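The file work-v1.cif comes next; it holds mmCIF, C-alpha atoms.
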```
data_query
#
loop_
_atom_site.label_atom_id
_atom_site.label_comp_id
_atom_site.auth_asym_id
_atom_site.auth_seq_id
_atom_site.Cartn_x
_atom_site.Cartn_y
_atom_site.Cartn_z
CA MET A 1 -46.71 10.61 -46.92
CA THR A 2 -46.80 14.33 -47.56
CA THR A 3 -43.66 16.47 -47.64
CA SER A 4 -44.53 18.07 -44.31
CA GLU A 5 -45.08 14.64 -42.73
CA LEU A 6 -41.78 13.42 -44.16
CA LYS A 7 -39.98 16.42 -42.70
CA LYS A 8 -41.54 15.80 -39.29
CA TYR A 9 -40.78 12.08 -39.53
CA ILE A 10 -37.12 12.72 -40.36
CA SER A 11 -36.89 15.48 -37.75
CA ASN A 12 -38.19 13.15 -35.04
CA ILE A 13 -35.66 10.49 -35.97
CA TYR A 14 -32.93 13.13 -36.01
CA GLN A 15 -33.89 14.21 -32.49
CA MET A 16 -33.99 10.61 -31.31
CA GLU A 17 -30.54 9.91 -32.75
CA ILE A 18 -29.20 12.95 -30.87
CA ALA A 19 -30.88 11.79 -27.66
CA LEU A 20 -29.49 8.27 -27.98
CA TYR A 21 -26.00 9.54 -28.76
CA THR A 22 -26.16 11.82 -25.71
CA GLN A 23 -27.46 9.03 -23.49
CA ARG A 24 -24.62 6.76 -24.53
CA LYS A 25 -22.08 9.47 -23.68
CA ILE A 26 -23.64 10.05 -20.27
CA TYR A 27 -23.97 6.34 -19.58
CA ASN A 28 -20.35 5.60 -20.49
CA ASN A 29 -19.10 8.51 -18.41
CA ILE A 30 -21.08 7.40 -15.34
CA GLN A 31 -19.89 3.83 -15.81
CA ASN A 32 -16.30 5.07 -15.94
CA LYS A 33 -16.86 6.94 -12.68
CA ILE A 34 -18.21 3.78 -11.05
CA ASP A 35 -15.32 1.69 -12.35
CA LYS A 36 -12.85 4.30 -11.13
CA LEU A 37 -14.34 4.27 -7.65
CA GLY A 38 -14.01 0.48 -7.55
CA GLN A 39 -14.27 -1.29 -4.20
CA TYR A 40 -13.94 0.85 -1.10
CA GLN A 41 -10.59 0.41 0.64
CA GLY A 42 -10.15 2.15 3.96
CA GLU A 43 -7.03 2.97 5.92
CA ALA A 44 -5.26 -0.07 7.33
CA LEU A 45 -5.27 -0.45 11.11
CA LEU A 46 -1.95 -0.15 12.90
CA PRO A 47 -0.57 -3.51 14.11
CA LEU A 48 -0.41 -3.98 17.89
CA LYS A 49 2.63 -5.24 19.80
CA GLU A 50 2.60 -8.83 20.99
CA VAL A 51 2.00 -8.93 24.74
CA ARG A 52 1.87 -11.93 27.03
CA GLU A 53 -1.58 -12.23 28.56
CA ILE A 54 -1.34 -12.93 32.32
CA LYS A 55 -4.77 -14.10 33.54
CA ASN A 56 -3.94 -15.32 37.06
CA ILE A 57 -1.21 -15.45 39.76
CA GLY A 58 -0.06 -18.86 38.55
CA GLN A 59 0.75 -17.55 35.08
CA LYS A 60 2.46 -14.55 36.62
CA ILE A 61 4.74 -16.83 38.69
CA LEU A 62 5.49 -18.99 35.65
CA TYR A 63 6.35 -15.96 33.54
CA PHE A 64 8.57 -14.61 36.37
CA ILE A 65 10.43 -17.92 36.66
CA GLY A 66 10.75 -17.98 32.88
CA ASP A 67 12.25 -14.48 32.91
CA ILE A 68 14.81 -15.57 35.54
CA LEU A 69 15.74 -18.70 33.59
CA MET A 70 16.08 -16.71 30.37
CA GLY A 71 18.21 -14.15 32.24
CA ILE A 72 20.43 -16.90 33.71
CA LEU A 73 20.77 -18.58 30.33
CA GLY A 74 21.63 -15.27 28.77
CA GLY A 75 24.14 -14.56 31.53
CA ILE A 76 25.83 -17.94 31.10
CA LEU A 77 26.04 -17.55 27.36
CA GLY A 78 27.28 -13.99 27.79
CA ALA A 79 29.93 -15.15 30.27
CA LEU A 80 31.13 -17.90 27.98
CA TYR A 81 31.18 -15.56 25.02
CA GLY A 82 32.97 -12.89 27.07
CA ALA A 83 35.47 -15.35 28.50
CA LEU A 84 36.26 -16.68 25.06
CA TYR A 85 37.24 -13.27 23.74
CA SER A 86 38.56 -11.60 26.94
CA ILE A 87 40.70 -14.27 28.65
CA ILE A 88 43.95 -13.04 27.09
CA PRO A 89 43.28 -9.34 27.86
CA CYS A 90 42.34 -10.34 31.45
CA ILE A 91 45.64 -12.24 31.89
CA ILE A 92 47.59 -9.26 30.53
CA ILE A 93 45.73 -6.91 32.91
CA GLY A 94 46.43 -9.35 35.80
CA ILE A 95 50.15 -9.39 35.01
CA VAL A 96 50.23 -5.59 34.80
CA LEU A 97 48.49 -5.36 38.20
CA ALA A 98 50.89 -7.90 39.71
CA VAL A 99 53.87 -5.92 38.48
CA CYS A 100 52.60 -2.44 39.34
CA THR A 101 50.85 -3.24 42.64
CA PRO A 102 51.61 -5.24 45.79
CA LEU A 103 49.13 -7.90 44.55
CA THR A 104 50.39 -11.24 43.38
CA LEU A 105 49.51 -12.58 39.94
CA LYS A 106 47.03 -15.00 41.51
CA GLN A 107 45.36 -12.20 43.45
CA SER A 108 45.19 -9.97 40.37
CA LEU A 109 43.62 -12.71 38.29
CA MET A 110 41.19 -13.57 41.06
CA GLY A 111 40.24 -9.89 41.42
CA ILE A 112 39.57 -9.56 37.70
CA ALA A 113 37.52 -12.79 37.76
CA VAL A 114 35.45 -11.51 40.70
CA LEU A 115 34.91 -8.19 38.93
CA GLY A 116 33.81 -10.01 35.76
CA PHE A 117 31.44 -12.18 37.81
CA MET A 118 29.93 -9.11 39.47
CA LEU A 119 29.39 -7.49 36.08
CA ILE A 120 27.65 -10.64 34.82
CA VAL A 121 25.40 -10.64 37.91
CA ILE A 122 24.53 -6.98 37.37
CA TRP A 123 23.81 -7.70 33.67
CA LEU A 124 21.66 -10.68 34.74
CA ILE A 125 19.61 -8.54 37.15
CA LEU A 126 19.16 -5.83 34.55
CA SER A 127 18.09 -8.44 31.98
CA ILE A 128 15.44 -9.83 34.31
CA PHE A 129 14.24 -6.31 35.11
CA PHE A 130 13.93 -5.28 31.47
CA MET A 131 12.21 -8.53 30.53
CA ALA A 132 9.74 -8.03 33.34
CA THR A 133 8.97 -4.44 32.33
CA ASP A 134 8.92 -5.07 28.58
CA ASP A 135 5.26 -6.12 28.54
CA LYS A 136 4.25 -3.02 30.47
CA GLU A 137 5.85 -0.78 27.85
CA LYS A 138 4.19 -2.75 25.09
CA LYS A 139 0.82 -2.39 26.78
CA LYS A 140 1.26 1.37 27.06
CA GLU A 141 2.23 1.55 23.40
CA ASN A 142 -0.73 -0.64 22.46
CA GLU A 143 -3.08 1.73 24.27
CA LYS A 144 -1.85 4.55 22.04
CA LEU A 145 -2.14 2.34 18.96
CA GLN A 146 -5.66 1.28 19.89
CA LYS A 147 -6.69 4.93 20.25
CA LEU A 148 -5.26 5.67 16.81
CA ASN A 149 -7.05 2.60 15.42
CA GLN A 150 -10.34 3.87 16.84
CA GLU A 151 -9.81 7.14 14.98
CA ILE A 152 -8.94 5.25 11.79
CA THR A 153 -12.05 3.06 12.19
CA GLN A 154 -14.22 6.13 12.61
CA ARG A 155 -12.72 7.80 9.55
CA ASN A 156 -13.19 4.61 7.56
CA ALA A 157 -16.83 4.40 8.60
CA GLU A 158 -17.46 8.01 7.53
CA LYS A 159 -15.62 7.60 4.23
CA GLU A 160 -17.33 4.28 3.50
CA GLY A 161 -20.72 5.85 4.20
CA PHE A 162 -19.92 8.66 1.75
CA TYR A 163 -18.61 6.13 -0.78
CA ASN A 164 -21.72 3.92 -0.53
CA ARG A 165 -24.07 6.87 -0.90
CA LYS A 166 -22.16 8.25 -3.88
CA MET A 167 -22.05 4.85 -5.53
CA ALA A 168 -25.79 4.43 -4.98
CA LEU A 169 -26.51 7.80 -6.61
CA LEU A 170 -24.30 7.00 -9.61
CA ASN A 171 -25.94 3.60 -10.06
CA GLN A 172 -29.36 5.19 -9.74
CA GLU A 173 -28.68 7.64 -12.57
CA LEU A 174 -26.97 4.91 -14.60
CA ASN A 175 -30.14 2.81 -14.41
CA ILE A 176 -32.33 5.80 -15.29
CA VAL A 177 -30.23 6.58 -18.37
CA ALA A 178 -30.12 2.90 -19.38
CA GLN A 179 -33.90 2.53 -19.13
CA ALA A 180 -34.49 5.78 -21.02
CA HIS A 181 -32.04 4.66 -23.72
CA THR A 182 -33.86 1.34 -24.10
CA LYS A 183 -37.25 3.05 -24.45
CA MET A 184 -35.93 5.63 -26.90
CA SER A 185 -34.16 2.93 -28.90
CA ASN A 186 -37.40 0.93 -29.09
CA THR A 187 -39.26 4.02 -30.29
CA LEU A 188 -36.62 4.68 -32.94
CA ASN A 189 -36.94 1.08 -34.14
CA LEU A 190 -40.70 1.57 -34.46
CA TYR A 191 -40.02 4.57 -36.69
CA TYR A 192 -37.55 2.68 -38.83
CA GLN A 193 -39.88 -0.32 -39.05
CA ARG A 194 -42.35 1.82 -40.95
CA GLY A 195 -40.04 1.21 -43.91
CA ILE A 196 -39.96 4.82 -44.99
CA ILE A 197 -36.15 4.97 -44.86
CA PHE A 198 -34.17 2.35 -46.76
CA PRO A 199 -32.20 0.12 -44.26
CA LYS A 200 -28.83 1.29 -45.59
CA TYR A 201 -29.54 4.83 -44.42
CA ARG A 202 -30.91 4.10 -40.96
CA ASN A 203 -28.11 5.77 -39.04
CA PHE A 204 -27.27 9.04 -37.33
CA VAL A 205 -25.09 10.53 -40.09
CA ALA A 206 -27.42 9.75 -42.99
CA VAL A 207 -30.55 10.96 -41.16
CA SER A 208 -28.78 14.21 -40.22
CA SER A 209 -28.00 14.83 -43.88
CA PHE A 210 -31.57 14.00 -44.96
CA HIS A 211 -32.90 16.39 -42.31
CA GLU A 212 -30.61 19.12 -43.64
CA TYR A 213 -31.61 18.53 -47.29
CA LEU A 214 -35.33 18.59 -46.49
CA SER A 215 -35.15 21.54 -44.08
CA SER A 216 -33.09 23.65 -46.47
CA GLY A 217 -35.36 22.85 -49.44
CA ARG A 218 -32.70 21.01 -51.44
CA CYS A 219 -35.16 18.19 -51.90
CA SER A 220 -38.69 17.17 -50.95
CA ARG A 221 -38.41 13.38 -51.02
CA LEU A 222 -35.99 10.60 -50.15
CA ASP A 223 -35.86 8.58 -53.37
CA GLY A 224 -35.63 9.60 -57.00
CA HIS A 225 -33.01 11.42 -59.04
CA GLU A 226 -33.30 14.60 -56.98
CA GLY A 227 -34.05 12.85 -53.71
CA ALA A 228 -32.09 12.82 -50.47
CA TYR A 229 -30.56 9.39 -51.13
CA ASN A 230 -29.02 10.52 -54.41
CA ILE A 231 -27.69 13.79 -52.97
CA PHE A 232 -26.19 11.94 -50.02
CA GLU A 233 -24.43 9.35 -52.19
CA SER A 234 -23.18 12.02 -54.57
CA GLU A 235 -21.65 14.08 -51.76
CA ILE A 236 -19.96 10.99 -50.35
CA ARG A 237 -18.39 10.19 -53.73
CA GLN A 238 -17.13 13.76 -54.00
CA ASN A 239 -15.71 13.61 -50.44
CA MET A 240 -17.87 16.55 -49.51
CA ILE A 241 -19.23 14.81 -46.43
CA ILE A 242 -18.04 12.22 -43.89
CA CYS A 243 -20.29 9.21 -43.50
CA LYS A 244 -18.68 7.50 -40.46
CA LEU A 245 -19.75 8.76 -37.05
CA ASP A 246 -16.42 8.26 -35.27
CA GLU A 247 -14.65 10.21 -38.02
CA VAL A 248 -17.28 12.94 -37.81
CA VAL A 249 -16.57 13.33 -34.11
CA ARG A 250 -12.81 13.54 -34.72
CA LYS A 251 -13.18 16.12 -37.49
CA LEU A 252 -16.13 18.04 -36.09
CA ASP A 253 -14.71 21.50 -36.73
CA THR A 254 -14.24 20.76 -40.45
CA ILE A 255 -17.82 19.67 -41.28
CA GLN A 256 -19.78 22.76 -40.27
CA ASP A 257 -20.34 23.96 -43.85
CA ASN A 258 -21.22 20.70 -45.61
CA GLN A 259 -22.84 18.82 -42.71
CA TYR A 260 -24.36 21.57 -40.63
CA MET A 261 -27.09 19.43 -39.06
CA MET A 262 -24.57 16.75 -38.09
CA TYR A 263 -22.28 19.41 -36.68
CA SER A 264 -25.15 20.97 -34.73
CA ALA A 265 -26.25 17.58 -33.41
CA ILE A 266 -22.83 16.69 -31.98
CA ARG A 267 -22.36 20.17 -30.52
CA GLN A 268 -25.81 19.99 -28.94
CA SER A 269 -25.06 16.54 -27.55
CA ASN A 270 -21.71 17.60 -26.12
CA GLN A 271 -23.20 20.63 -24.40
CA LYS A 272 -26.09 18.63 -22.96
CA SER A 273 -23.96 15.74 -21.74
CA ASP A 274 -21.37 18.09 -20.22
CA SER A 275 -24.10 20.02 -18.42
CA VAL A 276 -25.75 16.87 -17.05
CA LEU A 277 -22.48 15.26 -15.99
CA LYS A 278 -21.28 18.42 -14.27
CA ALA A 279 -24.58 18.65 -12.38
CA LEU A 280 -24.37 14.95 -11.53
CA ASP A 281 -20.85 15.38 -10.15
CA ASN A 282 -22.07 18.24 -8.00
CA ALA A 283 -25.01 16.18 -6.77
CA THR A 284 -22.98 13.09 -5.91
CA ASP A 285 -20.16 15.10 -4.31
CA HIS A 286 -22.73 16.67 -1.97
CA LEU A 287 -24.74 13.43 -1.65
CA GLN A 288 -27.76 15.19 -3.12
CA ALA A 289 -30.69 13.09 -4.30
CA ILE A 290 -30.96 12.90 -8.09
CA GLU A 291 -34.56 14.08 -7.89
CA SER A 292 -33.42 17.21 -6.05
CA ASN A 293 -30.90 18.24 -8.69
CA THR A 294 -32.67 20.56 -11.11
CA THR A 295 -30.44 19.95 -14.13
CA VAL A 296 -30.31 16.15 -13.91
CA SER A 297 -33.97 15.81 -12.98
CA ALA A 298 -35.02 18.11 -15.83
CA TYR A 299 -32.93 16.13 -18.30
CA ASN A 300 -34.46 12.81 -17.21
CA SER A 301 -37.98 14.25 -17.36
CA ASN A 302 -37.38 15.81 -20.79
CA ILE A 303 -36.22 12.48 -22.24
CA ILE A 304 -39.39 10.79 -21.01
CA ALA A 305 -41.54 13.59 -22.44
CA GLN A 306 -39.71 13.45 -25.78
CA ASN A 307 -40.20 9.73 -26.09
CA THR A 308 -43.91 10.04 -25.33
CA GLU A 309 -44.25 12.80 -27.92
CA PHE A 310 -42.48 10.74 -30.59
CA LEU A 311 -44.67 7.70 -29.91
CA THR A 312 -47.83 9.79 -29.96
CA TRP A 313 -46.93 11.36 -33.32
CA LEU A 314 -46.12 7.96 -34.83
CA GLU A 315 -49.48 6.55 -33.70
CA ILE A 316 -51.45 9.28 -35.41
CA LEU A 317 -49.37 9.08 -38.60
CA LYS A 318 -51.41 7.51 -41.36
#
```
Will you turn the file into structure tokens for me?
Amino acid sequence: MTTSELKKYISNIYQMEIALYTQRKIYNNIQNKIDKLGQYQGEALLPLKEVREIKNIGQKILYFIGDILMGILGGILGALYGALYSIIPCIIIGIVLAVCTPLTLKQSLMGIAVLGFMLIVIWLILSIFFMATDDKEKKKENEKLQKLNQEITQRNAEKEGFYNRKMALLNQELNIVAQAHTKMSNTLNLYYQRGIIFPKYRNFVAVSSFHEYLSSGRCSRLDGHEGAYNIFESEIRQNMIICKLDEVVRKLDTIQDNQYMMYSAIRQSNQKSDSVLKALDNATDHLQAIESNTTVSAYNSNIIAQNTEFLTWLEILK
């Protein structure tokens, strides 16, 4: 392999590593959006009041009789309860009336008893009346609740439709990115399988350094005393460069001088992924088809074109 072919070979791998890194960022971000959306949960419907359903005149009569019996039972219990706690006050009032009026004690007590009975009867009538009209009030309230529930149901349908469409768009782009990543990864493996790069150095950080050494003229080959492998290992021993990708990302601003190609690759990836994700958010928020969004569509098309170009170059490489 000539020096120019080696440079192109390393450059292609470098570009593929950037593309794969960017695809993983985009994929993970979209997956997080999907996970965050979760299952759609609409507004809960308002509970209706329990109302007795009267289907015919027979049920109406039965319910009326039941109301009377419940009113009588309530009246009896109320009378007993009232008598239990008011008998002494009633006797005192009767004595006071007997002393202060021409009425005898018996007449006073009888008058108070009659008055108490009349109050119980009035309470009984009112009880029956309120029990009879209670269902009507509940029905009126239920009509209002049902109207509100119709509005809630309509809002839920609209929101669920928006949710389903947005979820479909996110899943569509997720599948596109996943398929593109698989194809690009397969192409990268074909490059590595040529055996030109030693297995130990088949990674993003090492390839970025090799690309920098070859492009800057620091070396013209991978192996040998003055080759890229030796320079790379020497700079690692001297702590001039960082060889772990996660650490590179954390300390990106500190590597610009000694790992310029790695620095440029991560910056390029961040800018591209941010641009695509921002455009995707705009598309999904407005329920715009992925194909209609210029930025996202162009990115997807460019990845396909890149992969085809890399495969074509590899096929013609002797």
| Care to translate the PyMOL selection byres ((chain A and resi 228-235) around 9) into actual residues of this file, as a list in words? | Tyr201, Ala206, Ser209, Phe210, His211, Tyr213, Leu214, Arg218, Cys219, Ser220, Arg221, Leu222, Asp223, Gly224, His225, Glu226, Gly227, Ile236, Arg237, Gln238, Asn239, Met240, Ile241 and Ile242 of chain A
| query | Please, what distance in Å, to one decimal, runs between atom CA of Asn270 of chain A and atom CA of Asn164 of chain A? | reply | 29.0 Å
| task | Using the chain letters and numbers from the file, give me the residues hit by the PyMOL selection byres ((chain A and resi 144-150) around 10), as a PyMOL selection string. | result | chain A and resi 43-49+138-143+151-156
| request: For each of A:Ile255, A:Ile176, A:Ile197, A:Ile303, take the minimum atom-to-atom distance to Ile10 of chain A, counting all atoms listed in the file, then give the residue where this is smallest. | output: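 Checking each of A:Ile255, A:Ile176, A:Ile197, A:Ile303 against Ile10 of chain A, counting all atoms listed in the file, the winner is A:Ile197.
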| Hey, which of A:Ser297, A:Gln39, A:Val276, A:Ser208 ends up closest to Met261 of chain A? Count only C-alpha atoms. |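 Distance minimum relative to Met261 of chain A lands on A:Ser208.
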| task | List the neighbours of Ala178 of chain A out to 10 Å using only C-alpha atoms; skip same-chain residues closer than 3 positions along the sequence, and give me the result as JSON, numbers by chain. | result | {"A": [23, 24, 26, 27, 172, 173, 174, 175, 181, 182, 183, 184]}
Could you take the residues named above and write them with C-alpha atoms, as a PDB file, keeping the file's coordinate frame?
```pdb
ATOM      1  CA  GLN A  23     -27.460   9.030 -23.490  1.00  0.00           C
ATOM      2  CA  ARG A  24     -24.620   6.760 -24.530  1.00  0.00           C
ATOM      3  CA  ILE A  26     -23.640  10.050 -20.270  1.00  0.00           C
ATOM      4  CA  TYR A  27     -23.970   6.340 -19.580  1.00  0.00           C
ATOM      5  CA  GLN A 172     -29.360   5.190  -9.740  1.00  0.00           C
ATOM      6  CA  GLU A 173     -28.680   7.640 -12.570  1.00  0.00           C
ATOM      7  CA  LEU A 174     -26.970   4.910 -14.600  1.00  0.00           C
ATOM      8  CA  ASN A 175     -30.140   2.810 -14.410  1.00  0.00           C
ATOM      9  CA  HIS A 181     -32.040   4.660 -23.720  1.00  0.00           C
ATOM     10  CA  THR A 182     -33.860   1.340 -24.100  1.00  0.00           C
ATOM     11  CA  LYS A 183     -37.250   3.050 -24.450  1.00  0.00           C
ATOM     12  CA  MET A 184     -35.930   5.630 -26.900  1.00  0.00           C
TER      13      MET A 184
END
```
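Take atom CA of Asn307 of chain A and atom CA of Ala19 of chain A: the distance between them is 9.7 Å.
This file gives the following result for the PyMOL selection byres ((chain A and resi 282) around 12): Lys166, Leu169, Leu170, Ser275, Val276, Leu277, Lys278, Ala279, Leu280, Asp281, Ala283, Thr284, Asp285, His286, Leu287, Gln288, Ala289, Ile290, Ser292, Asn293, Thr294, Thr295 and Val296 of chain A.
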| request: Go through A:Leu252, A:Ile316, A:Leu37, A:Leu245 one by one, measure the shortest atom-to-atom distance of each to Glu160 of chain A using all atoms listed in the file, and give the residue with the smallest value. | output: A:Leu37
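For the residues A:Asn258, A:Thr308, A:Gln31, A:Ser215, ranking by smallest atom-to-atom distance to Tyr14 of chain A using all atoms listed in the file places A:Ser215 first.
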| request: Rank A:Gln15, A:Asn29, A:Asn300, A:Gln268 by their smallest atom-to-atom distance to Ser185 of chain A, using only C-alpha atoms, and report the top residue only. | output: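 Smallest separation from Ser185 of chain A among the options: A:Gln15.
Note that atom CA of Ala298 of chain A and atom CA of Ser273 of chain A are 12.8 Å apart.
When only C-alpha atoms are used to measure the gap to Val205 of chain A, the shortest distance among A:Leu314, A:Met1, A:Ile13, A:Leu190 belongs to A:Ile13.
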